[in-house]
file final31.cif (mmCIF, C-alpha atoms)
data_protein
#
loop_
_atom_site.group_PDB
_atom_site.id
_atom_site.type_symbol
_atom_site.label_atom_id
_atom_site.label_comp_id
_atom_site.auth_asym_id
_atom_site.auth_seq_id
_atom_site.Cartn_x
_atom_site.Cartn_y
_atom_site.Cartn_z
ATOM 1 C CA MET A 27 -64.775 -1.653 -11.205
ATOM 2 C CA PRO A 28 -65.334 -2.175 -7.474
ATOM 3 C CA ARG A 29 -66.646 -5.374 -6.038
ATOM 4 C CA PHE A 30 -70.204 -5.062 -4.731
ATOM 5 C CA PHE A 31 -71.157 -6.992 -1.610
ATOM 6 C CA ASN A 32 -74.449 -8.184 -0.317
ATOM 7 C CA LEU A 33 -74.904 -7.925 3.432
ATOM 8 C CA LEU A 34 -74.213 -11.600 4.142
ATOM 9 C CA GLU A 35 -70.980 -11.575 2.118
ATOM 10 C CA ALA A 36 -69.729 -8.474 3.913
ATOM 11 C CA GLU A 37 -70.593 -9.848 7.343
ATOM 12 C CA GLY A 38 -68.828 -13.085 6.463
ATOM 13 C CA LEU A 39 -65.605 -11.089 6.067
ATOM 14 C CA LEU A 40 -65.910 -9.326 9.429
ATOM 15 C CA PRO A 41 -63.663 -11.694 11.432
ATOM 16 C CA ASP A 42 -60.797 -11.189 8.960
ATOM 17 C CA VAL A 43 -61.497 -7.467 8.586
ATOM 18 C CA GLN A 44 -61.591 -7.016 12.345
ATOM 19 C CA ARG A 45 -58.250 -8.828 12.720
ATOM 20 C CA LEU A 46 -56.666 -6.693 9.996
ATOM 21 C CA VAL A 47 -57.978 -3.411 11.419
ATOM 22 C CA ARG A 48 -56.814 -4.291 14.941
ATOM 23 C CA GLY A 49 -53.430 -5.156 13.455
ATOM 24 C CA LEU A 50 -53.253 -1.804 11.674
ATOM 25 C CA ILE A 51 -54.019 -0.005 14.922
ATOM 26 C CA ASP A 52 -51.288 -1.990 16.687
ATOM 27 C CA TYR A 53 -48.779 -1.314 13.891
ATOM 28 C CA LYS A 54 -49.537 2.410 14.039
ATOM 29 C CA SER A 55 -48.998 2.380 17.782
ATOM 30 C CA GLU A 56 -45.695 0.516 17.368
ATOM 31 C CA PHE A 57 -44.577 3.004 14.700
ATOM 32 C CA ASP A 58 -45.564 6.000 16.859
ATOM 33 C CA GLU A 59 -43.806 4.612 19.949
ATOM 34 C CA ALA A 60 -40.577 3.984 18.036
ATOM 35 C CA THR A 61 -40.755 7.428 16.439
ATOM 36 C CA ASP A 62 -41.288 9.099 19.823
ATOM 37 C CA ALA A 63 -38.336 7.214 21.305
ATOM 38 C CA LEU A 64 -36.104 8.316 18.415
ATOM 39 C CA VAL A 65 -37.193 11.929 18.916
ATOM 40 C CA LEU A 66 -36.349 11.698 22.623
ATOM 41 C CA ILE A 67 -32.868 10.392 21.802
ATOM 42 C CA ALA A 68 -32.319 13.258 19.344
ATOM 43 C CA GLN A 69 -33.562 15.809 21.902
ATOM 44 C CA ARG A 70 -31.287 14.384 24.594
ATOM 45 C CA ILE A 71 -28.294 14.639 22.254
ATOM 46 C CA THR A 72 -29.210 18.262 21.450
ATOM 47 C CA ILE A 73 -29.706 19.215 25.111
ATOM 48 C CA MET A 74 -26.385 17.691 26.084
ATOM 49 C CA GLY A 75 -24.626 19.612 23.317
ATOM 50 C CA GLY A 76 -23.734 16.468 21.471
ATOM 51 C CA MET A 77 -22.816 12.965 22.447
ATOM 52 C CA ILE A 78 -22.256 9.598 20.865
ATOM 53 C CA PRO A 79 -25.699 8.315 19.975
ATOM 54 C CA PRO A 80 -26.727 4.906 21.297
ATOM 55 C CA HIS A 81 -26.312 3.169 17.937
ATOM 56 C CA ASP A 82 -27.825 -0.160 19.033
ATOM 57 C CA ALA A 83 -30.927 1.505 20.469
ATOM 58 C CA VAL A 84 -31.352 3.709 17.400
ATOM 59 C CA ALA A 85 -30.976 0.728 15.058
ATOM 60 C CA LEU A 86 -33.529 -1.272 17.056
ATOM 61 C CA LEU A 87 -36.033 1.599 16.993
ATOM 62 C CA ARG A 88 -35.566 2.123 13.259
ATOM 63 C CA ASN A 89 -36.085 -1.601 12.678
ATOM 64 C CA ARG A 90 -39.311 -1.460 14.735
ATOM 65 C CA LYS A 91 -40.549 1.444 12.596
ATOM 66 C CA HIS A 92 -39.716 -0.326 9.332
ATOM 67 C CA ALA A 93 -41.336 -3.564 10.514
ATOM 68 C CA ALA A 94 -44.503 -1.659 11.466
ATOM 69 C CA VAL A 95 -44.599 -0.011 8.032
ATOM 70 C CA ARG A 96 -44.145 -3.350 6.229
ATOM 71 C CA ALA A 97 -46.857 -5.034 8.329
ATOM 72 C CA SER A 98 -49.213 -2.089 7.744
ATOM 73 C CA LYS A 99 -48.718 -2.238 3.981
ATOM 74 C CA LEU A 100 -49.464 -5.959 3.998
ATOM 75 C CA ALA A 101 -52.636 -5.475 6.059
ATOM 76 C CA PHE A 102 -53.823 -2.652 3.760
ATOM 77 C CA GLU A 103 -53.192 -4.841 0.728
ATOM 78 C CA GLN A 104 -55.196 -7.670 2.304
ATOM 79 C CA LEU A 105 -58.119 -5.322 3.029
ATOM 80 C CA ASN A 106 -58.027 -3.976 -0.516
ATOM 81 C CA HIS A 107 -57.830 -7.496 -1.950
ATOM 82 C CA LYS A 108 -61.030 -8.371 -0.078
ATOM 83 C CA GLY A 109 -62.711 -5.383 -1.752
ATOM 84 C CA CYS A 110 -63.466 -3.394 1.377
ATOM 85 C CA GLN A 111 -62.221 0.113 2.098
ATOM 86 C CA LEU A 112 -60.694 1.389 5.335
ATOM 87 C CA GLN A 113 -62.241 4.809 5.911
ATOM 88 C CA ASP A 114 -60.895 5.760 9.338
ATOM 89 C CA LEU A 115 -58.205 3.919 11.260
ATOM 90 C CA GLU A 116 -58.867 5.677 14.566
ATOM 91 C CA SER A 117 -62.471 4.461 14.739
ATOM 92 C CA GLY A 118 -61.789 1.334 12.697
ATOM 93 C CA ARG A 119 -64.491 2.259 10.165
ATOM 94 C CA VAL A 120 -64.601 0.080 7.044
ATOM 95 C CA ASP A 121 -66.917 0.332 4.046
ATOM 96 C CA PHE A 122 -68.138 -2.426 1.746
ATOM 97 C CA PRO A 123 -69.444 -1.166 -1.627
ATOM 98 C CA THR A 124 -72.971 -2.268 -2.425
ATOM 99 C CA LEU A 125 -75.952 -1.216 -4.537
ATOM 100 C CA TYR A 126 -79.124 0.376 -3.201
ATOM 101 C CA ARG A 127 -81.862 1.409 -5.613
ATOM 102 C CA GLY A 128 -79.400 1.170 -8.475
ATOM 103 C CA GLN A 129 -76.853 3.512 -6.867
ATOM 104 C CA GLU A 130 -73.510 2.661 -5.329
ATOM 105 C CA VAL A 131 -73.561 3.065 -1.562
ATOM 106 C CA CYS A 132 -71.520 1.541 1.234
ATOM 107 C CA LEU A 133 -72.299 -0.912 3.963
ATOM 108 C CA SER A 134 -70.565 0.720 6.931
ATOM 109 C CA TRP A 135 -69.014 -1.091 9.897
ATOM 110 C CA LYS A 136 -66.847 0.087 12.791
ATOM 111 C CA LEU A 137 -64.528 -1.837 15.055
ATOM 112 C CA GLY A 138 -66.517 -2.942 18.078
ATOM 113 C CA GLU A 139 -69.781 -3.434 16.194
ATOM 114 C CA ALA A 140 -70.852 -7.072 16.145
ATOM 115 C CA THR A 141 -72.552 -6.850 12.747
ATOM 116 C CA ILE A 142 -72.989 -4.410 9.879
ATOM 117 C CA GLY A 143 -75.941 -2.282 10.898
ATOM 118 C CA PHE A 144 -75.412 0.868 8.836
ATOM 119 C CA TRP A 145 -75.029 2.133 5.298
ATOM 120 C CA ARG A 146 -74.056 5.493 3.834
ATOM 121 C CA HIS A 147 -73.545 7.312 0.557
ATOM 122 C CA PRO A 148 -69.878 7.272 -0.536
ATOM 123 C CA ASP A 149 -69.534 11.070 -0.369
ATOM 124 C CA ASP A 150 -70.972 11.315 3.136
ATOM 125 C CA GLY A 151 -69.014 10.939 6.351
ATOM 126 C CA GLU A 152 -69.549 8.828 9.414
ATOM 127 C CA ALA A 153 -72.215 11.137 10.824
ATOM 128 C CA ALA A 154 -74.408 10.367 7.797
ATOM 129 C CA ARG A 155 -74.500 6.621 8.454
ATOM 130 C CA GLN A 156 -78.064 5.346 8.314
ATOM 131 C CA ALA A 157 -79.417 2.260 10.023
ATOM 132 C CA ILE A 158 -80.058 -0.729 7.787
ATOM 133 C CA ASP A 159 -83.818 -1.171 7.894
ATOM 134 C CA SER A 160 -86.364 -3.284 6.049
ATOM 135 C CA GLU A 161 -86.615 -0.682 3.262
ATOM 136 C CA PHE A 162 -82.866 -0.878 2.666
ATOM 137 C CA LEU A 163 -82.876 -4.687 2.722
ATOM 138 C CA LYS A 164 -85.794 -4.806 0.273
ATOM 139 C CA ASN A 165 -84.053 -2.519 -2.253
ATOM 140 C CA HIS A 166 -80.445 -3.610 -1.693
ATOM 141 C CA ARG A 167 -78.487 -5.721 -4.123
ATOM 142 C CA GLY A 168 -74.919 -6.743 -3.664
ATOM 143 C CA GLU A 169 -74.137 -7.613 -7.275
ATOM 144 C CA ASP A 170 -75.008 -6.369 -10.727
#
call {"tool": "encode", "arguments": {"input": "final31.cif", "output": "structure tokens"}}
result
Amino acid sequence: MPRFFNLLEAEGLLPDVQRLVRGLIDYKSEFDEATDALVLIAQRITIMGGMIPPHDAVALLRNRKHAAVRASKLAFEQLNHKGCQLQDLESGRVDFPTLYRGQEVCLSWKLGEATIGFWRHPDDGEAARQAIDSEFLKNHRGED
């Protein structure tokens, strides 16, 4: 059963969530850069018709990739442990399950937003985010 948040609880987690999401973006970038560098080395070897690969450079790049994967897994686990759900890494969109009029919905936050100002139905995408208004606040409950 998912954890349900009220708005204040979810906003209280934002500093940690923001740090974790920024970390995930950095780890993805590190992974992509190391992967691209390894591809360039392989292409250079192919173009030259074979050569002795730069073993130290390849080992360093592989270690960078593995470190980025390990750090990403840890950050994902920390987000999941908090009860929130990363929806889109590129935009940094994170959902916090909550209840609205007896139905499960999500408080929706994106990296760069100072507070949680939107909610959405779980099956709807980012374009369906709706502003949190007085009607939502009046009929919103974070816990059963």
call {"tool": "closest_residue", "arguments": {"input": "final31.cif", "among": "A:Ala153, A:Ala60, A:Val43, A:Leu34", "to": "Asp121 in chain A", "atoms": "all atoms listed in the file"}}
result
A:Val43
call {"tool": "resolve_selection", "arguments": {"input": "final31.cif", "expression": "the PyMOL selection byres ((chain A and resi 110-119) around 10)", "output": "count of residues only"}}
result
35
call {"tool": "resolve_selection", "arguments": {"input": "final31.cif", "expression": "the PyMOL selection byres ((chain A and resi 127) around 9)", "output": "JSON, numbers by chain"}}
result
{"A": [125, 126, 128, 129, 130, 162, 165, 166, 167]}
call {"tool": "atom_distance", "arguments": {"input": "final31.cif", "atom1": "CA of Gly49 in chain A", "atom2": "CA of Ala101 in chain A"}}
result
7.4 Å
call {"tool": "atom_distance", "arguments": {"input": "final31.cif", "atom1": "CA of Asp58 in chain A", "atom2": "CA of Gly76 in chain A"}}
result
24.6 Å
call {"tool": "decode", "arguments": {"input": "final31.cif", "residues": "range 90-125 of chain A", "atoms": "N, CA and C atoms", "output": "short mmCIF file (atom, residue, chain, number, x, y, z; two decimals), in the first residue's frame"}}
result
data_model
loop_
_atom_site.label_atom_id
_atom_site.label_comp_id
_atom_site.auth_asym_id
_atom_site.auth_seq_id
_atom_site.Cartn_x
_atom_site.Cartn_y
_atom_site.Cartn_z
N ARG A 90 33.94 4.87 -14.03
CA ARG A 90 33.03 6.02 -13.93
C ARG A 90 31.59 5.60 -14.21
N LYS A 91 31.40 4.76 -15.22
CA LYS A 91 30.05 4.27 -15.54
C LYS A 91 29.47 3.48 -14.38
N HIS A 92 30.25 2.55 -13.84
CA HIS A 92 29.77 1.71 -12.74
C HIS A 92 29.47 2.54 -11.50
N ALA A 93 30.31 3.53 -11.22
CA ALA A 93 30.07 4.40 -10.06
C ALA A 93 28.78 5.20 -10.25
N ALA A 94 28.53 5.67 -11.47
CA ALA A 94 27.30 6.42 -11.75
C ALA A 94 26.08 5.53 -11.58
N VAL A 95 26.18 4.29 -12.01
CA VAL A 95 25.06 3.35 -11.86
C VAL A 95 24.79 3.07 -10.37
N ARG A 96 25.84 2.82 -9.62
CA ARG A 96 25.67 2.56 -8.17
C ARG A 96 25.04 3.76 -7.46
N ALA A 97 25.54 4.96 -7.77
CA ALA A 97 25.00 6.17 -7.12
C ALA A 97 23.55 6.40 -7.53
N SER A 98 23.22 6.11 -8.78
CA SER A 98 21.83 6.26 -9.25
C SER A 98 20.91 5.30 -8.51
N LYS A 99 21.33 4.05 -8.38
CA LYS A 99 20.51 3.07 -7.67
C LYS A 99 20.25 3.51 -6.24
N LEU A 100 21.28 4.01 -5.59
CA LEU A 100 21.13 4.48 -4.21
C LEU A 100 20.15 5.65 -4.13
N ALA A 101 20.26 6.59 -5.04
CA ALA A 101 19.35 7.75 -5.05
C ALA A 101 17.92 7.31 -5.32
N PHE A 102 17.71 6.38 -6.26
CA PHE A 102 16.36 5.86 -6.53
C PHE A 102 15.80 5.18 -5.30
N GLU A 103 16.62 4.38 -4.63
CA GLU A 103 16.16 3.71 -3.42
C GLU A 103 15.76 4.71 -2.35
N GLN A 104 16.53 5.79 -2.21
CA GLN A 104 16.20 6.82 -1.22
C GLN A 104 14.89 7.51 -1.56
N LEU A 105 14.67 7.80 -2.84
CA LEU A 105 13.39 8.40 -3.25
C LEU A 105 12.23 7.46 -2.94
N ASN A 106 12.39 6.20 -3.31
CA ASN A 106 11.34 5.22 -3.06
C ASN A 106 11.08 5.04 -1.58
N HIS A 107 12.13 5.05 -0.77
CA HIS A 107 11.98 4.91 0.68
C HIS A 107 11.16 6.07 1.26
N LYS A 108 11.31 7.24 0.69
CA LYS A 108 10.54 8.40 1.15
C LYS A 108 9.06 8.28 0.76
N GLY A 109 8.77 7.44 -0.24
CA GLY A 109 7.39 7.24 -0.67
C GLY A 109 7.00 8.05 -1.89
N CYS A 110 7.92 8.83 -2.42
CA CYS A 110 7.60 9.60 -3.62
C CYS A 110 8.05 8.82 -4.86
N GLN A 111 7.59 9.29 -6.02
CA GLN A 111 7.81 8.54 -7.26
C GLN A 111 8.38 9.47 -8.33
N LEU A 112 9.58 9.13 -8.82
CA LEU A 112 10.17 9.89 -9.91
C LEU A 112 9.41 9.54 -11.18
N GLN A 113 8.84 10.54 -11.83
CA GLN A 113 8.05 10.31 -13.04
C GLN A 113 8.84 10.60 -14.32
N ASP A 114 9.72 11.60 -14.26
CA ASP A 114 10.46 11.99 -15.45
C ASP A 114 11.78 12.62 -15.02
N LEU A 115 12.88 11.97 -15.34
CA LEU A 115 14.18 12.48 -14.91
C LEU A 115 14.55 13.75 -15.65
N GLU A 116 14.23 13.81 -16.94
CA GLU A 116 14.63 14.98 -17.74
C GLU A 116 14.05 16.28 -17.18
N SER A 117 12.78 16.25 -16.79
CA SER A 117 12.16 17.46 -16.22
C SER A 117 12.29 17.49 -14.70
N GLY A 118 12.68 16.37 -14.11
CA GLY A 118 12.78 16.30 -12.66
C GLY A 118 11.42 16.24 -12.00
N ARG A 119 10.43 15.62 -12.67
CA ARG A 119 9.07 15.58 -12.13
C ARG A 119 8.92 14.41 -11.16
N VAL A 120 8.40 14.74 -9.97
CA VAL A 120 8.22 13.77 -8.89
C VAL A 120 6.78 13.87 -8.40
N ASP A 121 6.18 12.70 -8.14
CA ASP A 121 4.82 12.65 -7.61
C ASP A 121 4.83 12.15 -6.17
N PHE A 122 3.87 12.66 -5.41
CA PHE A 122 3.64 12.25 -4.03
C PHE A 122 2.19 11.78 -3.95
N PRO A 123 1.94 10.49 -3.73
CA PRO A 123 0.56 10.01 -3.65
C PRO A 123 -0.21 10.71 -2.54
N THR A 124 -1.46 11.01 -2.83
CA THR A 124 -2.34 11.65 -1.86
C THR A 124 -3.77 11.24 -2.18
N LEU A 125 -4.70 11.68 -1.35
CA LEU A 125 -6.12 11.39 -1.58
C LEU A 125 -6.88 12.69 -1.82
#
